[in-house]
Every structure is written in structure tokens, then in C-alpha cells.
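**Student:** Okay, handing you the structure first.
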Amino acid sequence: MEYNVHTLPNGIRLLHVPSASAISHACIIINSGSRDEKEDQAGLAHFIEHLIFKRTKKRNTNQILNRLESVGADLNAYTTKEYTCIHASFLNPYLDRTLELFNDIVFHSTFPGDEMEKEKGVVLDEIASYLDQPEEAIYDDFEDLVFAGHSLGRNILGTTESVSKISKKDIQDFIRQNYHTDRIVVAVLGNYSLNKVVKIGNRYYSDIEANLYSARRNAPEIVPVTSEILNKPIQQAHAVLGTQAYSLHHPYKTGLLLLNNLLGGTGMSSILNLQIREKYGIAYTIESGYSPLSDTGIFTLYFGTDKEKLDKAWSLIFKEFKKIKDRPLTEIQLQKAKNKFIGQIALGEENRIGLIISMARSLIDYDKIDPLERVFNKIQAVTTTDMANIANEVLDESNLSSLTFYPLG
């Protein structure tokens with residue numbers, strides 16, 4: 001897909017992706033997330049993402065929320081381990097309005113005490129709700145095992161204690177220390193000329209004071225393999241198995257994405273879904289996931305089942321792992337896996353807001369955006385030997401930690 005990048009003197013990059021649609025999509029991505037928090041500040045990055053919608057120097061909460069919703073647009077945000085993203089979808093005439101609002105909430109929020117206290121209550125409710133969902137909470141507890149002692153292991157939402165202690169100074173210090181202008185991308189996908197995007201981008205972002213990236217993140221250490229079982233007041237057993245994995249820049253990243261998709265990724269035809277759910281009816285949900293990060297990654301496998309079937313589920317899972325390791329894929333099997341993965345990626349391109357966010361993140365991660373053809377070429381370049389090497393490394397039982405939530409009684 002055609003795109004253009006314009007860098008402002010302060011380092012902020014404007015990404016322009018032309019589209020003939022009447023609907024536009026835009027985002028501002030900051031390369032700062034929960035891993036950048038200090039040990040006693042868990043949840044701070046996510047809390048800031050909430051608070052920027054509450055009050056700026058010229059708008060109150062209602063004015064912020066209605067600025068785009070009053071013209072039928074959709075405004076939202078999220079926080080990850082490494083990013084904070086604000087995004088919007090809107091009719092083409094409202095580009096100026098959207099980029100001005102992004103500027104206002106990201107760079108001119110005031111974080112008043114009364115709003116902070118109200119929003120702490122909202123986040124604490126969010127934490128409580130999340131803890132009531134074992135199929136979600138187990139992932140965070142598992143990451144705390146795999147990244148023990150590192151900020152990557154902490155829950156993005158934080159804890160009741162850490163969120164309750166957040167101060168305005170904490171917020172201001174975090175923004176100053178982590179919102180680096182050369183690690184910010186403002187991206188627009190829509191029916192506009194490059195000149196128009198640059199003109200509006202300059203209007204709202206060129207005066208932001210430069211705050212260039214200097215600090216380096218500390219990569220997590222490999223921690224000893226562990227297996228934990230926690231008794232919980234739940235009806236079903238939930239389990240996660242996994243390990244630290246390849247980073248965004250590792251040559252095997254594409255191969256592991258492909259292996260993960262084959263093993264337990266999107267769709268009902270994954271190996272584990274066919275074997276564990278369809279053949280034996282043991283688990284309603286069984287899925288694997290691989291999340292590459294800037295200097296590490298994590299591979300996980302999750303399933304939920306009746307406690308009486310737990311041992312059988314583990315046995316079947318490790319049986320499938322052994323098959324993959326002992327009997328490398330044939331060229332025909334590998335090509336089928338590639339065709340499936342390529343097709344899913346191509347369909348994903350139809351999600352326009354997801355596409356522009358992905359392109360903006362790529363610009364931060366790699367300082368470039370690969371065209372779809374090159375992405376497909378990388379997938380096609382994965383060999384059966386690559387897949388065998390990856391499977392034998394990542395699916396090695398001796399390197400896999402596990403966490404199980406087991407029903408009480």
C-alpha cells in the first residue's frame with residue numbers, strides 16, 4: 001500500500017496513507033507502555049490513557065467526548081506493554097477536528113485531582129471485573145511467572161494498591177520521561193493529499209517541544225522454568241503453558257508466527273482445536289498465541305476444561321507437541337499453512353483502523369513499513385527446516401512454564 005512519511009523538526013512523524021473511501025481513520029501512537037513504569041507504579045501508563053479524556057486546558061470531559069461523537073465519529077484508546085494508542089474513525093471532512101483533538105488530549109491534559117479520584121474508582125472496578133474472569137486473569141499471572149521481576153510481567157491495569165497511590169506528579173514525570181517525540185507517530189488513512197496531511201499535522205504538532213529518546217529499555221532475563229497450581233473459587237480448570245520467545249527483530253519471528261497459527265491460532269482448523277476440542281471434546285476453548293516485543297516475546301497456549309479432564313488435556317497437548325517436533329512438516333503441509341496464514345493477513349487488511357495502527361507501529365518498530373507483497377515473501381521464505389528448529393526450541397517441554405487455576409472443592 002502506498003504511504004508517505006513526513007518528519008517534523010521535533011521528531012514526530014506524520015504517516016499518510018491515501019484511500020478512496022469516504023471514511024477516514026487516524027491514530028496517534030506513543031512508544032510508551034506499562035513496561036516503562038517504575039516498580040511501584042503499576043498501572044500508571046493505562047491510568048494516563050484514561051485520564052487524557054477527562055480535562056484539558058480548554059475542554060471538559062463532555063466537550064472532549066462530544067468533539068468527535070457529535071459528528072458520528074468513533075474515538076477510543078488502549079495501552080499495551082510498549083504502546084499507548086488513541087485512534088478514531090470519522091467522515092473525511094473531520095480530519096482537522098480529529099488531529100486537533102489528538103493534540104489537545106495528549107499534550108494539554110491537566111489531570112485535575114477530582115477527575116483523578118473518580119477515574120481511580122473506574123480503573124479499580126475494571127481491575128475487579130478482570131479478576132472475575134479467570135480466562136483473562138490467568139494470562140497476566142502467567143506473564144508474571146515468565147517475566148518474573150521485570151516490568152513486562154506486571155498487569156497493564158496495575159493493582160488496587162498501586163493505582164490508589166498514583167499522584168499527579170507521577171503522571172507528569174512519566175509523560176516527561178517516556179513520551180519521546182521521535183517515538184510518536186501520527187497516522188492518517190483517508191482521501192487526502194500528502195500536502196493536506198502535512199499542513200494539518202504541522203499546525204498541531206510542530207510546536208510540541210522536542211523530547212528525544214535516549215534511555216534504553218532493559219531486556220528481561222530468562223527465568224527458571226516453573227509450574228504452579230492455584231486453587232480458585234471457579235467451576236472449570238484454566239491453564240496456560242508457555243515461555244519467553246523471539247523478539248520483533250529475530251530472524252525466526254515470521255516462522256513462529258506461522259507455527260503458532262498452525263498450532264492454535266485463528267480459526268477452527270488449528271491442530272489443537274481439531275484434536276483437543278473436535279476429536280475428544282475436552283475443551284471448549286484451546287488457543288495459542290505469540291506476541292513479539294522489541295527485545296523479547298512470549299509464546300502461550302491456553303485451554304479451559306473440567307478438572308476431571310485436565311490430565312487428559314495435558315497428555316494430548318504434549319502428544320501434539322511431540323508429533324510436530326519428531327515429524328517435520330512436509331513441503332505440501334507447510335505450503336497449506338502458508339496459504340492459510342497469508343489469506344488471513346490479506347483479509348485483515350480490510351480492517352482499516354487496524355491497518356493504519358499496524359503501519360504506525362511498524363514505523364516505530366522498524367523505521368519502515370513493508371508492503372504486503374514483502375510480508376508474504378517473508379512467509380513464503382520460511383522453510384521446513386526453520387519450522388523444525390523453531391518447534392524443537394519453543395515447544396521443548398523442559399523450557400515451558402505452566403500455570404493452572406484449579407477449582408476449589
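Just remember, in the C-alpha cells the first chain shown is A, the second B, etc., residues are 1-based per chain, and ligands are 1-based in the order shown.
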Compile the contact shell of stretch 139-146 of chain A as a count of residues only: residues with an atom at most 7 Å away, counting only C-alpha atoms, same-chain residues fewer than 4 positions apart removed.
**Tutor:** 8
**Student:** Distance table requested - stretch 368-390 of chain A against stretch 310-332 of chain A, cut-off 8 Å, only C-alpha atoms: one row per qualifying residue with the closest atom pair and its distance in Å to one decimal, ordered by chain and rising residue number, as a tab-separated table.
**Tutor:**
```
residue	atom	partner	partner_atom	distance
A:Thr384	CA	A:Leu329	CA	6.0
A:Thr385	CA	A:Pro328	CA	7.8
A:Met387	CA	A:Pro328	CA	7.5
A:Ala388	CA	A:Pro328	CA	5.6
```
**Student:** With only C-alpha atoms as the counted atoms, please give the residues lying no more than 9 Å from A:Ile48, apart from itself and same-chain residues fewer than 5 positions off, as a count of residues only.
**Tutor:** 4
**Student:** Pull the closest atom pair for each residue of stretch 256-336 of chain A that gets at most 12 Å from stretch 352-367 of chain A, along with the distance in Å to one decimal, counting only C-alpha atoms, ordering rows by chain and then ascending residue number, as a tab-separated table.
**Tutor:**
```
residue	atom	partner	partner_atom	distance
A:Pro292	CA	A:Asp365	CA	11.0
A:Leu293	CA	A:Asp365	CA	9.2
A:Ser294	CA	A:Asp365	CA	7.1
A:Asp295	CA	A:Asp365	CA	10.6
```
**Student:** Counting only C-alpha atoms, what is within 10 Å of A:Glu39, bar same-chain residues fewer than 5 positions away, as a list of chain:residue names?
**Tutor:**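 Here the answer would be A:Gly149, A:His150, A:Ser151, A:Arg154, A:Ser162.
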**Student:** Name the residues of stretch 4-230 of chain A that come out as helix (DSSP H, G or I) in a backbone DSSP run; write them as an MDAnalysis selection string.
**Tutor:** chainID A and resid 34:36 39:41 44:51 61:69 92:107 113:131 134:146 151:153 160:164 168:178 181:183 194:205
**Student:** Tell me which protein, DNA and RNA residues are within 10 Å of A:Ile127, counting only C-alpha atoms, leaving out same-chain ones fewer than 2 positions away, and put them as a ChimeraX atom specification.
**Tutor:** /A:121-125,129-132,137,155-160,163
**Student:** Keeping only all heavy atoms, write the selected residues to a file as a short mmCIF file (atom, residue, chain, number, x, y, z; two decimals), in the first residue's frame.
**Tutor:**
```cif
data_model
loop_
_atom_site.label_atom_id
_atom_site.label_comp_id
_atom_site.auth_asym_id
_atom_site.auth_seq_id
_atom_site.Cartn_x
_atom_site.Cartn_y
_atom_site.Cartn_z
N GLY A 121 -11.51 5.14 40.74
CA GLY A 121 -12.63 4.24 41.02
C GLY A 121 -13.02 3.42 39.82
O GLY A 121 -13.31 2.21 39.93
N VAL A 122 -13.01 4.05 38.64
CA VAL A 122 -13.34 3.34 37.40
C VAL A 122 -12.33 2.24 37.12
O VAL A 122 -12.68 1.10 36.78
CB VAL A 122 -13.41 4.33 36.22
CG1 VAL A 122 -13.55 3.58 34.89
CG2 VAL A 122 -14.56 5.31 36.40
N VAL A 123 -11.04 2.57 37.25
CA VAL A 123 -9.99 1.59 36.97
C VAL A 123 -10.01 0.45 38.00
O VAL A 123 -9.81 -0.71 37.65
CB VAL A 123 -8.60 2.27 36.94
CG1 VAL A 123 -7.49 1.23 36.80
CG2 VAL A 123 -8.52 3.26 35.78
N LEU A 124 -10.27 0.78 39.25
CA LEU A 124 -10.36 -0.26 40.28
C LEU A 124 -11.51 -1.21 39.99
O LEU A 124 -11.40 -2.43 40.20
CB LEU A 124 -10.51 0.36 41.67
CG LEU A 124 -9.30 1.17 42.17
CD1 LEU A 124 -9.59 1.71 43.56
CD2 LEU A 124 -8.04 0.32 42.18
N ASP A 125 -12.62 -0.68 39.47
CA ASP A 125 -13.73 -1.54 39.04
C ASP A 125 -13.31 -2.41 37.86
O ASP A 125 -13.69 -3.59 37.76
CB ASP A 125 -14.94 -0.70 38.66
CG ASP A 125 -15.70 -0.17 39.86
OD1 ASP A 125 -15.47 -0.69 40.97
OD2 ASP A 125 -16.52 0.76 39.69
N SER A 129 -13.33 -6.42 37.81
CA SER A 129 -14.05 -7.14 36.75
C SER A 129 -13.13 -8.13 36.05
O SER A 129 -13.51 -9.26 35.74
CB SER A 129 -14.63 -6.15 35.74
OG SER A 129 -15.20 -6.80 34.63
N TYR A 130 -11.91 -7.70 35.80
CA TYR A 130 -10.93 -8.54 35.12
C TYR A 130 -10.58 -9.76 35.96
O TYR A 130 -10.48 -10.88 35.45
CB TYR A 130 -9.67 -7.71 34.85
CG TYR A 130 -8.73 -8.28 33.84
CD1 TYR A 130 -9.09 -8.37 32.50
CD2 TYR A 130 -7.47 -8.73 34.21
CE1 TYR A 130 -8.22 -8.89 31.56
CE2 TYR A 130 -6.59 -9.25 33.28
CZ TYR A 130 -6.97 -9.33 31.95
OH TYR A 130 -6.11 -9.85 31.02
N LEU A 131 -10.43 -9.56 37.26
CA LEU A 131 -10.09 -10.67 38.16
C LEU A 131 -11.23 -11.68 38.25
O LEU A 131 -11.01 -12.84 38.61
CB LEU A 131 -9.74 -10.14 39.55
CG LEU A 131 -8.45 -9.32 39.63
CD1 LEU A 131 -8.27 -8.75 41.03
CD2 LEU A 131 -7.24 -10.16 39.23
N ASP A 132 -12.45 -11.25 37.92
CA ASP A 132 -13.60 -12.16 37.93
C ASP A 132 -13.65 -13.03 36.68
O ASP A 132 -14.53 -13.88 36.55
CB ASP A 132 -14.91 -11.36 38.03
CG ASP A 132 -15.21 -10.93 39.46
OD1 ASP A 132 -14.64 -11.52 40.38
OD2 ASP A 132 -16.00 -9.98 39.64
N ALA A 137 -7.56 -13.33 33.50
CA ALA A 137 -6.61 -13.06 34.58
C ALA A 137 -5.42 -14.02 34.56
O ALA A 137 -4.30 -13.64 34.94
CB ALA A 137 -7.33 -13.15 35.93
N ASN A 155 0.77 -6.59 35.47
CA ASN A 155 -0.53 -6.36 34.84
C ASN A 155 -0.61 -4.93 34.32
O ASN A 155 -0.29 -3.99 35.05
CB ASN A 155 -1.64 -6.62 35.87
CG ASN A 155 -3.02 -6.66 35.26
OD1 ASN A 155 -3.32 -5.92 34.32
ND2 ASN A 155 -3.87 -7.50 35.78
N ILE A 156 -1.06 -4.76 33.09
CA ILE A 156 -1.18 -3.43 32.50
C ILE A 156 -2.12 -2.55 33.32
O ILE A 156 -1.91 -1.33 33.44
CB ILE A 156 -1.68 -3.53 31.04
CG1 ILE A 156 -0.59 -4.16 30.17
CG2 ILE A 156 -2.08 -2.16 30.48
CD1 ILE A 156 -1.05 -4.51 28.77
N LEU A 157 -3.15 -3.15 33.92
CA LEU A 157 -4.11 -2.38 34.71
C LEU A 157 -3.54 -1.95 36.05
O LEU A 157 -4.04 -1.00 36.66
CB LEU A 157 -5.38 -3.21 34.96
CG LEU A 157 -6.17 -3.67 33.74
CD1 LEU A 157 -7.38 -4.47 34.19
CD2 LEU A 157 -6.60 -2.50 32.88
N GLY A 158 -2.49 -2.62 36.51
CA GLY A 158 -1.95 -2.34 37.84
C GLY A 158 -2.69 -3.11 38.90
O GLY A 158 -3.47 -4.02 38.61
N THR A 159 -2.47 -2.74 40.15
CA THR A 159 -3.15 -3.37 41.28
C THR A 159 -3.96 -2.31 42.02
O THR A 159 -3.77 -1.11 41.82
CB THR A 159 -2.14 -3.98 42.26
OG1 THR A 159 -1.35 -2.93 42.85
CG2 THR A 159 -1.21 -4.96 41.55
N THR A 160 -4.84 -2.77 42.89
CA THR A 160 -5.63 -1.84 43.70
C THR A 160 -4.71 -0.89 44.47
O THR A 160 -4.95 0.32 44.52
CB THR A 160 -6.53 -2.61 44.68
OG1 THR A 160 -7.42 -3.44 43.92
CG2 THR A 160 -7.33 -1.65 45.55
N VAL A 163 -2.60 1.59 41.89
CA VAL A 163 -3.44 2.61 41.26
C VAL A 163 -3.90 3.64 42.29
O VAL A 163 -3.94 4.85 42.01
CB VAL A 163 -4.64 1.96 40.55
CG1 VAL A 163 -5.64 3.02 40.08
CG2 VAL A 163 -4.17 1.12 39.37
#
```
**Student:** Which residues are close to A:Gln63, i.e. within 12 Å by only C-alpha atoms, leaving aside same-chain residues fewer than 5 positions away? Reply as a list in words.
**Tutor:**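 Near A:Gln63, the qualifying residues are Phe53, Lys54, Arg55, Thr56, Lys57, Lys58, Leu68, Glu69, Ser70, Leu101, Asp104 and Ile105 of chain A.
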**Student:** Excluding stretch 210-222 of chain A and any residue of its chain fewer than 3 positions from it, enumerate the residues within 9 Å of it, using only C-alpha atoms, and give them as a PyMOL selection string.
**Tutor:** chain A and resi 9-12+35-36+146-152+176-183+207+225+244+294-296
**Student:** What residues in stretch 213-248 of chain A get the DSSP label strand (DSSP E or B)? Please answer as number ranges by chain.
**Tutor:** A: 227-232, 237-244
**Student:** Just give me the gap between atom CA of A:Lys199 and atom CA of A:Met1 in Å, one decimal is fine.
**Tutor:** 22.1 Å
**Student:** When you count only C-alpha atoms, which of these residues is closest to A:Lys340: A:Ile208, A:Leu259, A:Ala88, A:Leu272?
**Tutor:**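 Ranked by minimum distance to A:Lys340, first place goes to A:Leu259.
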**Student:** Show me a table, sorted first by chain and then by increasing residue number, of the residues of stretch 103-194 of chain A having an atom at most 6 Å from stretch 17-26 of chain A, each with its shortest atom pair and the distance in Å to one decimal, counting only C-alpha atoms and written as JSON lines.
**Tutor:**
```
{"residue": "A:Ala187", "atom": "CA", "partner": "A:Ala26", "partner_atom": "CA", "distance": 5.4}
{"residue": "A:Val188", "atom": "CA", "partner": "A:Ala26", "partner_atom": "CA", "distance": 4.4}
{"residue": "A:Leu189", "atom": "CA", "partner": "A:Val17", "partner_atom": "CA", "distance": 4.6}
{"residue": "A:Gly190", "atom": "CA", "partner": "A:Ser24", "partner_atom": "CA", "distance": 4.5}
{"residue": "A:Asn191", "atom": "CA", "partner": "A:Ser19", "partner_atom": "CA", "distance": 4.8}
```
**Student:** Now that the selection is made, can you save its residues with all heavy atoms as a PDB file, in the first residue's frame?
**Tutor:**
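The resulting file, again.pdb, is reproduced below:
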```pdb
ATOM      1  N   ALA A 187      -0.771   9.062  12.445  1.00  0.00           N
ATOM      2  CA  ALA A 187      -1.038   8.380  11.179  1.00  0.00           C
ATOM      3  C   ALA A 187      -2.452   8.644  10.686  1.00  0.00           C
ATOM      4  O   ALA A 187      -3.396   8.676  11.477  1.00  0.00           O
ATOM      5  CB  ALA A 187      -0.815   6.880  11.352  1.00  0.00           C
ATOM      6  N   VAL A 188      -2.590   8.827   9.370  1.00  0.00           N
ATOM      7  CA  VAL A 188      -3.880   9.124   8.752  1.00  0.00           C
ATOM      8  C   VAL A 188      -4.068   8.260   7.519  1.00  0.00           C
ATOM      9  O   VAL A 188      -3.200   8.201   6.647  1.00  0.00           O
ATOM     10  CB  VAL A 188      -3.971  10.611   8.340  1.00  0.00           C
ATOM     11  CG1 VAL A 188      -5.273  10.875   7.595  1.00  0.00           C
ATOM     12  CG2 VAL A 188      -3.830  11.521   9.553  1.00  0.00           C
ATOM     13  N   LEU A 189      -5.193   7.554   7.455  1.00  0.00           N
ATOM     14  CA  LEU A 189      -5.584   6.818   6.266  1.00  0.00           C
ATOM     15  C   LEU A 189      -6.883   7.448   5.770  1.00  0.00           C
ATOM     16  O   LEU A 189      -7.901   7.424   6.461  1.00  0.00           O
ATOM     17  CB  LEU A 189      -5.789   5.339   6.595  1.00  0.00           C
ATOM     18  CG  LEU A 189      -6.080   4.377   5.442  1.00  0.00           C
ATOM     19  CD1 LEU A 189      -5.616   2.965   5.795  1.00  0.00           C
ATOM     20  CD2 LEU A 189      -7.551   4.337   5.072  1.00  0.00           C
ATOM     21  N   GLY A 190      -6.830   8.045   4.586  1.00  0.00           N
ATOM     22  CA  GLY A 190      -8.028   8.716   4.092  1.00  0.00           C
ATOM     23  C   GLY A 190      -7.823   9.342   2.734  1.00  0.00           C
ATOM     24  O   GLY A 190      -6.718   9.321   2.173  1.00  0.00           O
ATOM     25  N   ASN A 191      -8.881   9.933   2.216  1.00  0.00           N
ATOM     26  CA  ASN A 191      -8.868  10.514   0.871  1.00  0.00           C
ATOM     27  C   ASN A 191      -8.358  11.949   0.920  1.00  0.00           C
ATOM     28  O   ASN A 191      -9.096  12.905   0.709  1.00  0.00           O
ATOM     29  CB  ASN A 191     -10.276  10.454   0.280  1.00  0.00           C
ATOM     30  CG  ASN A 191     -10.289  10.740  -1.208  1.00  0.00           C
ATOM     31  OD1 ASN A 191      -9.240  10.772  -1.852  1.00  0.00           O
ATOM     32  ND2 ASN A 191     -11.470  10.942  -1.768  1.00  0.00           N
TER      33      ASN A 191
END
```
**Student:** Between atom CA of A:Asp386 and atom CA of A:Pro224, measure the distance and give it in Å to one decimal.
**Tutor:**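 Between these atoms lies a distance of 25.9 Å.
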